[in-house]
$ cat coords06.cif   # mmCIF, C-alpha atoms and all ligand atoms
data_structure
loop_
_atom_site.label_atom_id
_atom_site.label_comp_id
_atom_site.auth_asym_id
_atom_site.auth_seq_id
_atom_site.Cartn_x
_atom_site.Cartn_y
_atom_site.Cartn_z
CA MET M 1 15.75 14.07 12.90
CA SER M 2 18.67 12.29 11.36
CA MET M 3 20.58 11.55 14.56
CA ASP M 4 18.88 9.36 17.12
CA THR M 5 21.32 9.93 19.91
CA ALA M 6 20.34 10.67 23.48
CA PRO M 7 22.25 14.01 23.61
CA THR M 8 20.35 15.35 20.59
CA ILE M 9 16.98 14.54 22.04
CA SER M 10 18.03 15.75 25.52
CA GLN M 11 19.05 19.07 24.07
CA ALA M 12 15.84 19.42 22.15
CA PHE M 13 13.91 18.57 25.32
CA ALA M 14 15.86 21.15 27.33
CA THR M 15 15.27 23.83 24.71
CA LYS M 16 11.56 23.13 24.66
CA PHE M 17 10.76 22.44 28.30
CA GLY M 18 13.87 23.46 30.28
CA GLY M 19 15.91 21.01 32.34
CA ALA M 20 16.43 17.31 31.77
CA PRO M 21 13.96 14.54 30.95
CA ASP M 22 13.31 11.74 33.47
CA LEU M 23 14.25 9.18 30.85
CA ILE M 24 14.91 8.52 27.17
CA VAL M 25 13.74 5.47 25.26
CA ARG M 26 13.98 4.39 21.68
CA ALA M 27 11.81 2.00 19.69
CA PRO M 28 12.55 0.72 16.18
CA GLY M 29 10.67 0.32 12.94
CA ARG M 30 10.36 -3.12 11.38
CA ILE M 31 10.60 -5.19 8.26
CA ASN M 32 8.59 -8.33 7.55
CA LEU M 33 10.22 -11.04 5.48
CA ILE M 34 6.95 -12.77 4.69
CA GLY M 35 3.44 -13.20 6.11
CA GLU M 36 1.58 -10.09 4.97
CA HIS M 37 -2.00 -9.26 5.95
CA VAL M 38 -2.19 -12.39 8.03
CA ASP M 39 -1.60 -11.07 11.56
CA TYR M 40 -5.24 -10.01 11.94
CA ASN M 41 -6.26 -13.45 10.65
CA GLN M 42 -4.46 -15.24 13.51
CA GLY M 43 -1.72 -16.28 11.09
CA LEU M 44 2.08 -16.46 11.20
CA VAL M 45 4.39 -13.54 10.50
CA LEU M 46 8.16 -13.22 10.19
CA PRO M 47 9.19 -9.66 11.10
CA ALA M 48 12.38 -8.16 12.53
CA ALA M 49 13.22 -4.85 14.16
CA ILE M 50 15.54 -2.61 12.14
CA THR M 51 18.08 -0.02 13.20
CA PHE M 52 15.85 2.99 12.49
CA TYR M 53 14.37 4.41 15.66
CA THR M 54 11.93 6.78 17.25
CA THR M 55 13.75 8.34 20.20
CA LEU M 56 11.61 9.87 22.92
CA ALA M 57 12.43 11.89 26.04
CA LEU M 58 9.80 12.09 28.78
CA ARG M 59 9.39 13.89 32.08
CA LEU M 60 6.42 13.46 34.39
CA ARG M 61 4.54 16.54 35.51
CA PRO M 62 2.96 17.09 38.90
CA ASP M 63 -0.35 17.99 37.23
CA GLU M 64 -2.65 16.50 34.60
CA LYS M 65 -1.21 18.31 31.59
CA ILE M 66 0.26 16.61 28.55
CA HIS M 67 2.71 18.59 26.40
CA LEU M 68 3.92 16.89 23.24
CA HIS M 69 6.66 18.13 20.96
CA SER M 70 7.46 16.53 17.63
CA LEU M 71 10.93 17.43 16.45
CA ASP M 72 10.32 16.16 12.94
CA TYR M 73 7.10 18.10 12.40
CA ASP M 74 8.36 21.01 14.50
CA GLN M 75 4.97 21.16 16.18
CA THR M 76 3.63 21.02 19.70
CA TYR M 77 0.32 19.82 21.04
CA GLU M 78 -1.18 20.28 24.48
CA THR M 79 -4.05 18.55 26.24
CA THR M 80 -4.86 16.99 29.62
CA LEU M 81 -5.37 13.45 30.88
CA ALA M 82 -9.04 14.19 31.45
CA ALA M 83 -9.60 15.38 27.89
CA LEU M 84 -7.91 12.68 25.81
CA SER M 85 -9.44 12.58 22.35
CA PRO M 86 -8.10 12.48 18.79
CA SER M 87 -6.13 15.66 18.10
CA GLY M 88 -7.00 16.25 14.47
CA LEU M 89 -3.26 16.56 13.85
CA HIS M 90 -2.49 12.87 13.37
CA TRP M 91 0.98 12.57 14.96
CA PRO M 92 -0.12 13.28 18.57
CA ASP M 93 -2.69 10.49 18.37
CA TYR M 94 -0.07 7.74 18.50
CA LEU M 95 1.08 9.05 21.88
CA LEU M 96 -2.31 10.08 23.25
CA GLY M 97 -3.83 6.74 22.24
CA VAL M 98 -1.30 4.93 24.41
CA ALA M 99 -2.02 7.12 27.46
CA ASP M 100 -5.73 6.61 26.81
CA GLN M 101 -5.36 2.82 26.81
CA MET M 102 -3.37 2.92 30.05
CA GLN M 103 -6.17 4.92 31.66
CA ARG M 104 -8.70 2.42 30.34
CA ASP M 105 -6.64 -0.28 32.04
CA GLY M 106 -7.27 1.58 35.28
CA LYS M 107 -3.73 2.91 35.67
CA ALA M 108 -3.30 6.20 37.50
CA LEU M 109 -1.26 8.39 35.16
CA HIS M 110 0.46 11.72 35.66
CA GLY M 111 0.70 14.48 33.14
CA PHE M 112 3.91 14.43 31.12
CA GLU M 113 6.13 16.30 28.69
CA VAL M 114 7.59 14.60 25.66
CA THR M 115 10.01 15.50 22.91
CA PHE M 116 10.42 12.89 20.23
CA GLY M 117 11.84 12.39 16.76
CA GLY M 118 13.45 9.73 14.69
CA ASP M 119 14.76 8.32 11.50
CA VAL M 120 12.12 5.69 10.69
CA PRO M 121 10.97 6.86 7.26
CA VAL M 122 7.33 7.95 7.57
CA GLY M 123 4.81 6.42 5.18
CA ALA M 124 7.34 3.88 3.93
CA GLY M 125 5.64 0.84 5.43
CA LEU M 126 8.34 0.52 8.10
CA SER M 127 5.94 1.10 10.99
CA SER M 128 7.06 4.48 12.17
CA SER M 129 3.68 4.78 13.89
CA ALA M 130 4.15 1.57 15.87
CA SER M 131 7.61 2.78 16.89
CA VAL M 132 6.08 6.00 18.30
CA GLU M 133 3.42 4.02 20.17
CA CYS M 134 5.93 1.55 21.59
CA ALA M 135 8.37 4.30 22.63
CA THR M 136 5.55 6.12 24.42
CA ALA M 137 4.31 2.96 26.11
CA LEU M 138 7.75 1.90 27.30
CA ALA M 139 8.55 5.40 28.56
CA LEU M 140 5.30 5.73 30.56
CA ASP M 141 5.62 2.18 31.85
CA HIS M 142 9.12 2.91 33.18
CA ALA M 143 8.45 6.40 34.46
CA LEU M 144 5.33 5.37 36.38
CA GLY M 145 6.47 1.85 37.32
CA LEU M 146 3.35 0.34 35.81
CA GLY M 147 4.88 -3.13 35.44
CA TYR M 148 3.44 -4.13 32.07
CA GLU M 149 4.85 -7.26 30.41
CA ARG M 150 6.20 -6.58 26.92
CA MET M 151 3.46 -8.58 25.19
CA ALA M 152 0.82 -6.64 27.14
CA LEU M 153 2.48 -3.41 25.99
CA ALA M 154 2.40 -4.58 22.36
CA GLN M 155 -1.30 -5.39 22.67
CA LEU M 156 -1.97 -2.07 24.37
CA CYS M 157 -0.28 -0.21 21.52
CA GLN M 158 -2.31 -2.21 19.00
CA ARG M 159 -5.52 -1.23 20.81
CA ALA M 160 -4.38 2.40 20.79
CA GLU M 161 -4.03 2.24 17.01
CA ASN M 162 -7.34 0.39 16.56
CA GLN M 163 -9.44 2.53 18.87
CA PHE M 164 -7.76 5.95 18.96
CA VAL M 165 -6.15 6.24 15.53
CA GLY M 166 -8.83 4.15 13.84
CA VAL M 167 -6.71 1.67 11.89
CA ASN M 168 -7.72 -1.92 12.60
CA CYS M 169 -4.13 -3.20 12.42
CA GLY M 170 -2.95 -6.53 13.75
CA LEU M 171 -0.21 -7.10 16.33
CA MET M 172 2.83 -7.58 14.09
CA ASP M 173 4.33 -4.07 14.04
CA GLN M 174 4.06 -3.40 17.75
CA PHE M 175 5.32 -6.89 18.57
CA ALA M 176 8.34 -6.44 16.30
CA SER M 177 9.20 -3.04 17.73
CA LEU M 178 9.15 -4.40 21.30
CA PHE M 179 10.67 -7.85 20.80
CA GLY M 180 13.38 -7.39 18.15
CA GLN M 181 16.85 -8.86 18.58
CA PRO M 182 19.95 -8.22 16.43
CA HIS M 183 20.39 -10.60 13.48
CA LYS M 184 17.13 -12.42 14.21
CA LEU M 185 13.79 -12.73 12.52
CA MET M 186 10.83 -13.52 14.73
CA LEU M 187 8.25 -16.13 13.90
CA LEU M 188 5.13 -14.93 15.70
CA ASP M 189 2.02 -17.06 15.88
CA CYS M 190 -0.72 -14.44 16.06
CA ARG M 191 -3.21 -16.99 17.40
CA SER M 192 -1.28 -18.28 20.42
CA LEU M 193 1.16 -15.33 20.65
CA ALA M 194 3.98 -17.88 20.89
CA TYR M 195 7.12 -16.73 19.13
CA ARG M 196 10.62 -17.91 18.39
CA TYR M 197 13.73 -16.25 17.09
CA ILE M 198 15.18 -17.41 13.78
CA PRO M 199 18.80 -16.43 13.11
CA PHE M 200 19.28 -14.34 10.01
CA GLU M 201 23.02 -14.04 9.87
CA THR M 202 24.50 -14.20 6.45
CA ASP M 203 27.66 -12.41 5.48
CA ASP M 204 26.73 -12.12 1.87
CA ILE M 205 22.99 -11.42 1.69
CA ARG M 206 21.48 -8.00 2.33
CA ILE M 207 17.92 -6.94 3.00
CA VAL M 208 17.40 -4.03 0.63
CA LEU M 209 14.36 -1.77 0.92
CA LEU M 210 13.38 0.14 -2.18
CA ASP M 211 11.09 3.00 -1.26
CA THR M 212 8.52 4.18 -3.80
CA ARG M 213 8.14 7.35 -1.73
CA VAL M 214 4.46 7.29 -2.48
CA LYS M 215 1.64 6.70 -0.06
CA HIS M 216 -1.68 6.46 -1.82
CA SER M 217 -4.29 7.98 0.42
CA LEU M 218 -6.76 5.11 0.30
CA GLY M 219 -4.35 3.06 2.43
CA SER M 220 -6.06 2.98 5.79
CA SER M 221 -9.65 2.76 4.56
CA GLU M 222 -8.73 -0.08 2.19
CA TYR M 223 -6.88 -1.78 5.06
CA ASN M 224 -10.03 -1.79 7.17
CA THR M 225 -12.03 -3.01 4.15
CA ARG M 226 -9.66 -5.98 3.71
CA ARG M 227 -10.07 -6.85 7.33
CA ALA M 228 -13.86 -6.74 7.01
CA GLN M 229 -13.69 -8.94 3.89
CA CYS M 230 -11.70 -11.56 5.79
CA GLU M 231 -14.30 -11.49 8.55
CA GLU M 232 -17.05 -11.93 5.98
CA GLY M 233 -15.20 -14.94 4.56
CA ILE M 234 -15.04 -16.51 8.00
CA ARG M 235 -18.76 -15.98 8.53
CA LEU M 236 -19.44 -17.80 5.26
CA VAL M 237 -17.16 -20.71 6.22
CA GLN M 238 -18.68 -20.91 9.68
CA ALA M 239 -22.14 -21.46 8.23
CA HIS M 240 -20.91 -24.93 7.27
CA TYR M 241 -17.94 -25.40 9.59
CA PRO M 242 -18.79 -23.68 12.88
CA GLU M 243 -15.56 -24.91 14.47
CA VAL M 244 -13.42 -22.71 12.15
CA ARG M 245 -12.70 -19.58 14.15
CA SER M 246 -10.37 -17.71 11.81
CA LEU M 247 -8.74 -17.95 8.38
CA ARG M 248 -5.80 -19.57 10.18
CA GLU M 249 -8.00 -22.64 10.57
CA ALA M 250 -9.72 -22.50 7.19
CA THR M 251 -8.63 -24.54 4.18
CA GLU M 252 -8.65 -23.64 0.50
CA ALA M 253 -11.21 -26.44 -0.04
CA GLN M 254 -13.56 -24.89 2.50
CA LEU M 255 -13.17 -21.49 0.86
CA LYS M 256 -14.00 -23.02 -2.53
CA THR M 257 -17.22 -24.60 -1.30
CA CYS M 258 -18.44 -21.97 1.16
CA VAL M 259 -17.09 -18.61 0.00
CA ALA M 260 -16.49 -18.76 -3.76
CA PRO M 261 -20.16 -19.32 -4.74
CA ALA M 262 -21.35 -16.54 -2.40
CA ASP M 263 -18.80 -13.81 -3.08
CA ALA M 264 -16.00 -14.11 -5.64
CA LEU M 265 -14.12 -11.07 -4.33
CA VAL M 266 -14.19 -12.19 -0.70
CA TYR M 267 -13.06 -15.62 -1.91
CA ARG M 268 -9.96 -14.13 -3.62
CA ARG M 269 -9.06 -12.17 -0.49
CA CYS M 270 -9.40 -15.18 1.81
CA SER M 271 -7.66 -17.54 -0.57
CA PHE M 272 -4.63 -15.24 -0.54
CA VAL M 273 -4.55 -15.27 3.27
CA VAL M 274 -4.70 -19.06 3.53
CA ALA M 275 -1.92 -19.44 0.95
CA GLU M 276 0.17 -16.74 2.61
CA ILE M 277 0.10 -18.47 6.00
CA ALA M 278 1.37 -21.66 4.33
CA ARG M 279 4.15 -19.64 2.65
CA VAL M 280 5.42 -18.45 6.04
CA GLU M 281 5.84 -22.04 7.18
CA ALA M 282 7.56 -22.95 3.93
CA THR M 283 9.88 -19.94 4.29
CA CYS M 284 10.95 -21.01 7.79
CA LEU M 285 11.85 -24.45 6.48
CA ALA M 286 13.80 -22.99 3.58
CA LEU M 287 15.64 -20.61 5.93
CA GLU M 288 16.66 -23.52 8.14
CA GLN M 289 18.14 -25.16 5.07
CA GLY M 290 19.78 -21.92 3.93
CA ASP M 291 17.84 -22.22 0.69
CA PHE M 292 17.44 -18.60 -0.38
CA ALA M 293 16.30 -19.56 -3.86
CA VAL M 294 13.15 -21.04 -2.32
CA VAL M 295 12.72 -18.10 0.08
CA GLY M 296 12.96 -15.73 -2.89
CA GLN M 297 10.38 -17.65 -4.94
CA LEU M 298 7.98 -17.56 -2.00
CA MET M 299 8.46 -13.78 -1.78
CA TYR M 300 7.58 -13.38 -5.46
CA GLN M 301 4.48 -15.52 -4.93
CA THR M 302 3.47 -13.32 -2.02
CA HIS M 303 3.83 -10.24 -4.18
CA GLN M 304 1.73 -11.78 -6.91
CA GLY M 305 -1.00 -12.59 -4.39
CA LEU M 306 -0.91 -9.16 -2.75
CA SER M 307 -1.07 -7.49 -6.14
CA GLN M 308 -3.63 -9.65 -7.99
CA ASP M 309 -5.81 -11.22 -5.29
CA TYR M 310 -5.54 -9.05 -2.21
CA GLU M 311 -5.17 -5.92 -4.37
CA VAL M 312 -3.12 -3.81 -1.97
CA SER M 313 -0.21 -3.07 -4.32
CA CYS M 314 0.14 -0.10 -6.68
CA PRO M 315 1.90 0.56 -10.01
CA GLU M 316 5.05 1.83 -8.30
CA LEU M 317 5.44 -1.30 -6.16
CA ASP M 318 4.68 -3.64 -9.05
CA PHE M 319 7.23 -1.81 -11.17
CA LEU M 320 9.95 -2.24 -8.54
CA VAL M 321 9.34 -5.96 -8.19
CA GLU M 322 9.42 -6.45 -11.95
CA ALA M 323 12.56 -4.31 -12.21
CA VAL M 324 14.59 -6.67 -10.01
CA ARG M 325 13.10 -10.02 -11.06
CA GLY M 326 15.66 -12.20 -12.82
CA ARG M 327 18.60 -9.90 -12.08
CA ALA M 328 21.84 -11.57 -11.07
CA GLY M 329 22.26 -11.51 -7.30
CA VAL M 330 18.57 -10.98 -6.50
CA TRP M 331 16.90 -13.87 -4.64
CA GLY M 332 13.44 -12.41 -4.26
CA ALA M 333 11.34 -9.28 -3.85
CA ARG M 334 7.86 -8.23 -2.85
CA MET M 335 5.91 -5.29 -1.54
CA MET M 336 6.00 -5.06 2.22
CA GLY M 337 3.54 -3.91 4.89
CA GLY M 338 0.00 -2.68 4.45
CA GLY M 339 0.51 -1.63 0.81
CA PHE M 340 -0.61 1.22 -1.50
CA GLY M 341 2.92 2.59 -1.43
CA GLY M 342 5.92 2.28 0.84
CA CYS M 343 8.74 -0.15 0.19
CA THR M 344 9.57 -3.39 -1.49
CA ILE M 345 11.78 -5.80 0.44
CA ASN M 346 14.52 -7.46 -1.62
CA LEU M 347 16.98 -10.22 -0.70
CA VAL M 348 20.15 -9.39 -2.58
CA GLN M 349 23.74 -10.64 -2.70
CA ALA M 350 25.95 -8.04 -1.03
CA ASP M 351 28.10 -7.48 -4.09
CA ALA M 352 25.06 -6.82 -6.28
CA VAL M 353 23.46 -4.15 -4.10
CA ALA M 354 25.17 -1.01 -5.39
CA ASN M 355 24.48 -1.71 -9.06
CA LEU M 356 20.95 -2.80 -8.38
CA VAL M 357 20.10 0.38 -6.50
CA TYR M 358 21.77 2.53 -9.14
CA GLU M 359 20.04 0.94 -12.11
CA VAL M 360 16.61 0.56 -10.55
CA SER M 361 16.75 4.18 -9.35
CA LEU M 362 17.35 5.37 -12.91
CA ALA M 363 14.53 3.23 -14.25
CA TYR M 364 12.15 4.36 -11.51
CA GLN M 365 12.94 8.01 -12.08
CA ALA M 366 12.42 7.58 -15.81
CA GLN M 367 9.09 5.82 -15.30
CA PHE M 368 7.51 7.89 -12.52
CA GLY M 369 9.46 11.14 -12.67
CA GLN M 370 10.43 10.98 -9.03
CA PRO M 371 13.39 9.66 -7.06
CA LEU M 372 13.52 6.24 -5.49
CA GLY M 373 14.54 5.85 -1.83
CA SER M 374 16.70 2.94 -0.76
CA TYR M 375 17.98 1.51 2.50
CA VAL M 376 19.97 -1.54 3.49
CA ALA M 377 18.16 -2.79 6.58
CA GLU M 378 20.18 -3.95 9.56
CA ILE M 379 18.29 -6.11 12.03
CA GLY M 380 18.55 -4.64 15.51
CA ASN M 381 17.23 -4.54 19.04
CA GLY M 382 13.67 -3.94 20.11
CA ALA M 383 12.55 -0.97 22.19
CA GLU M 384 14.85 -0.07 25.07
CA LEU M 385 15.58 2.45 27.75
CA ILE M 386 18.70 4.32 26.70
CA LYS M 387 18.96 6.81 29.57
CA ASN M 388 17.41 7.38 32.96
C1 LIG G 401 0.30 -2.98 8.62
C2 LIG G 401 -0.39 -3.36 9.93
C3 LIG G 401 0.05 -4.75 10.39
C4 LIG G 401 -0.09 -5.78 9.27
C5 LIG G 401 0.51 -5.26 7.97
C6 LIG G 401 0.23 -6.16 6.81
O1 LIG G 401 1.67 -2.84 8.83
O2 LIG G 401 -0.11 -2.43 10.95
O3 LIG G 401 -0.69 -5.15 11.54
O4 LIG G 401 -1.42 -6.16 9.10
O5 LIG G 401 0.05 -3.96 7.64
O6 LIG G 401 0.83 -7.39 7.00
#
$ encode --input "coords06.cif" --output "structure tokens" --more "lines below"
Ligand code: GLA
Amino acid sequence: MSMDTAPTISQAFATKFGGAPDLIVRAPGRINLIGEHVDYNQGLVLPAAITFYTTLALRLRPDEKIHLHSLDYDQTYETTLAALSPSGLHWPDYLLGVADQMQRDGKALHGFEVTFGGDVPVGAGLSSSASVECATALALDHALGLGYERMALAQLCQRAENQFVGVNCGLMDQFASLFGQPHKLMLLDCRSLAYRYIPFETDDIRIVLLDTRVKHSLGSSEYNTRRAQCEEGIRLVQAHYPEVRSLREATEAQLKTCVAPADALVYRRCSFVVAEIARVEATCLALEQGDFAVVGQLMYQTHQGLSQDYEVSCPELDFLVEAVRGRAGVWGARMMGGGFGGCTINLVQADAVANLVYEVSLAYQAQFGQPLGSYVAEIGNGAELIKN
């Protein structure tokens, strides 16, 4: 669906189910300036919501039935509250997982009908799945008056993805989709859940996303493997330093003595995480000083670490980072999100964007034989009710 407006989704709802929905919500995708693969290590992340949304219309039913309609896939799926289990279709699971978690919380749900669609590019590392979860959670919370706090909703959506979809993701994407504010990055401490907004308001710098349009299939299994490797690293550190509860609290020196001799691969993974958490702090300082040269260098360092040490990049992403490095008007670039495809995030002077996209698109097409996607990300609001 290219238009995310309430009338479009209302019409689609009426065509599918007849009548009007009880309410319409929308929830955005996200970017992350820096702090990759650290949310599940209790680290710091720096995401923002972007103005691409999942829009969802919902009406409660008097019975236990759940009818889901995806506009973008042009598919429907039906089940009941008593029979919630993974659908085998993938897209319904992001909605069903949320209802499942609410039931596990002891909430009394009703059946419901949903039509949803959106313009968050799927598989681009912009968290379209989190936006579907958050839209569903906000809609059910409103419709049933469940009274969840936003942070509790974010955590509920994360559990839905962990337990129902089977990806052991951290909290960043769901947090960003629910807490975004226009022109602001969010520094989230994934250990304490404290967060603060950091203005990102520059007239002349754009956040450009270059989309490889590939999604290598090993993505989610490798993601869970990385998470397990981090946990293994912590176990090794704890043998000598029992007080260290997560990689957030570990030091490079501890990793060198406890992890490196036992497992060189796990050491490289953990060493990246510890360095990446420090880079988030350094980025915040540089942003306060308006020093985009430093921010950009930190982004390149992150890419290097994700590619060489954490090994979640791919040839297409590496190519895009190399293609912009050193170009006039480019401050920094790196792969973004879980990896194995999706987008790079680039900080670019406004007047250099058009040429950059044009030239890199040609080079990408020549190298990989397929077109590059590109978006200029605007930082927008988190999930909201747009009609009831
Ligand atoms: C995915 C996950 C997030 C986070 C990033 C990597 O987007 O859903 O929780 O771990 O990857 O930073």
$ closest_residue --input "coords06.cif" --among "M:Thr115, M:Thr225, M:Ser246, M:Ser307" --to "Ala139 in chain M" --atoms "only C-alpha atoms"
M:Thr115
$ residues_near_ligand --input "coords06.cif" --ligand "ligand LIG 401 (chain G)" --cutoff "9 Å" --atoms "only C-alpha atoms and all ligand atoms" --output "MDAnalysis selection string"
chainID M and resid 32 34:41 45 125:127 129:130 158 161 167:174 223 227 336:339
$ atom_distance --input "coords06.cif" --atom1 "CA of Val376 in chain M" --atom2 "CA of Pro28 in chain M"
14.9 Å
$ closest_residue --input "coords06.cif" --among "M:Gly326, M:Gly123, M:Gly117, M:Arg59" --to "Ala143 in chain M" --atoms "all atoms listed in the file"
M:Arg59
$ residues_around --input "coords06.cif" --residues "Phe200 in chain M" --least-positions-apart "5" --cutoff "7 Å" --atoms "all atoms listed in the file" --output "number ranges by chain"
M: 183-185
$ write_last_selection --input "coords06.cif" --atoms "C-alpha atoms" --output "PDB file, in the frame of the given file"
ATOM      1  CA  HIS M 183      20.390 -10.600  13.480  1.00  0.00           C
ATOM      2  CA  LYS M 184      17.130 -12.420  14.210  1.00  0.00           C
ATOM      3  CA  LEU M 185      13.790 -12.730  12.520  1.00  0.00           C
TER       4      LEU M 185
END
$ closest_residue --input "coords06.cif" --among "M:Ala83, M:Ala250, M:Ala323, M:Ile198" --to "Ala286 in chain M" --atoms "all atoms listed in the file"
M:Ile198
$ atom_distance --input "coords06.cif" --atom1 "CA of Thr79 in chain M" --atom2 "CA of Leu140 in chain M"
16.4 Å
$ residues_around --input "coords06.cif" --residues "Cys314 in chain M" --least-positions-apart "3" --cutoff "10 Å" --atoms "only C-alpha atoms" --output "tab-separated table (two decimals) with C-alpha atoms, keeping the file's coordinate frame"
chain	number	residue	atom	x	y	z
M	212	THR	CA	8.52	4.18	-3.80
M	214	VAL	CA	4.46	7.29	-2.48
M	215	LYS	CA	1.64	6.70	-0.06
M	216	HIS	CA	-1.68	6.46	-1.82
M	306	LEU	CA	-0.91	-9.16	-2.75
M	307	SER	CA	-1.07	-7.49	-6.14
M	311	GLU	CA	-5.17	-5.92	-4.37
M	317	LEU	CA	5.44	-1.30	-6.16
M	318	ASP	CA	4.68	-3.64	-9.05
M	319	PHE	CA	7.23	-1.81	-11.17
M	335	MET	CA	5.91	-5.29	-1.54
M	339	GLY	CA	0.51	-1.63	0.81
M	340	PHE	CA	-0.61	1.22	-1.50
M	341	GLY	CA	2.92	2.59	-1.43
M	342	GLY	CA	5.92	2.28	0.84
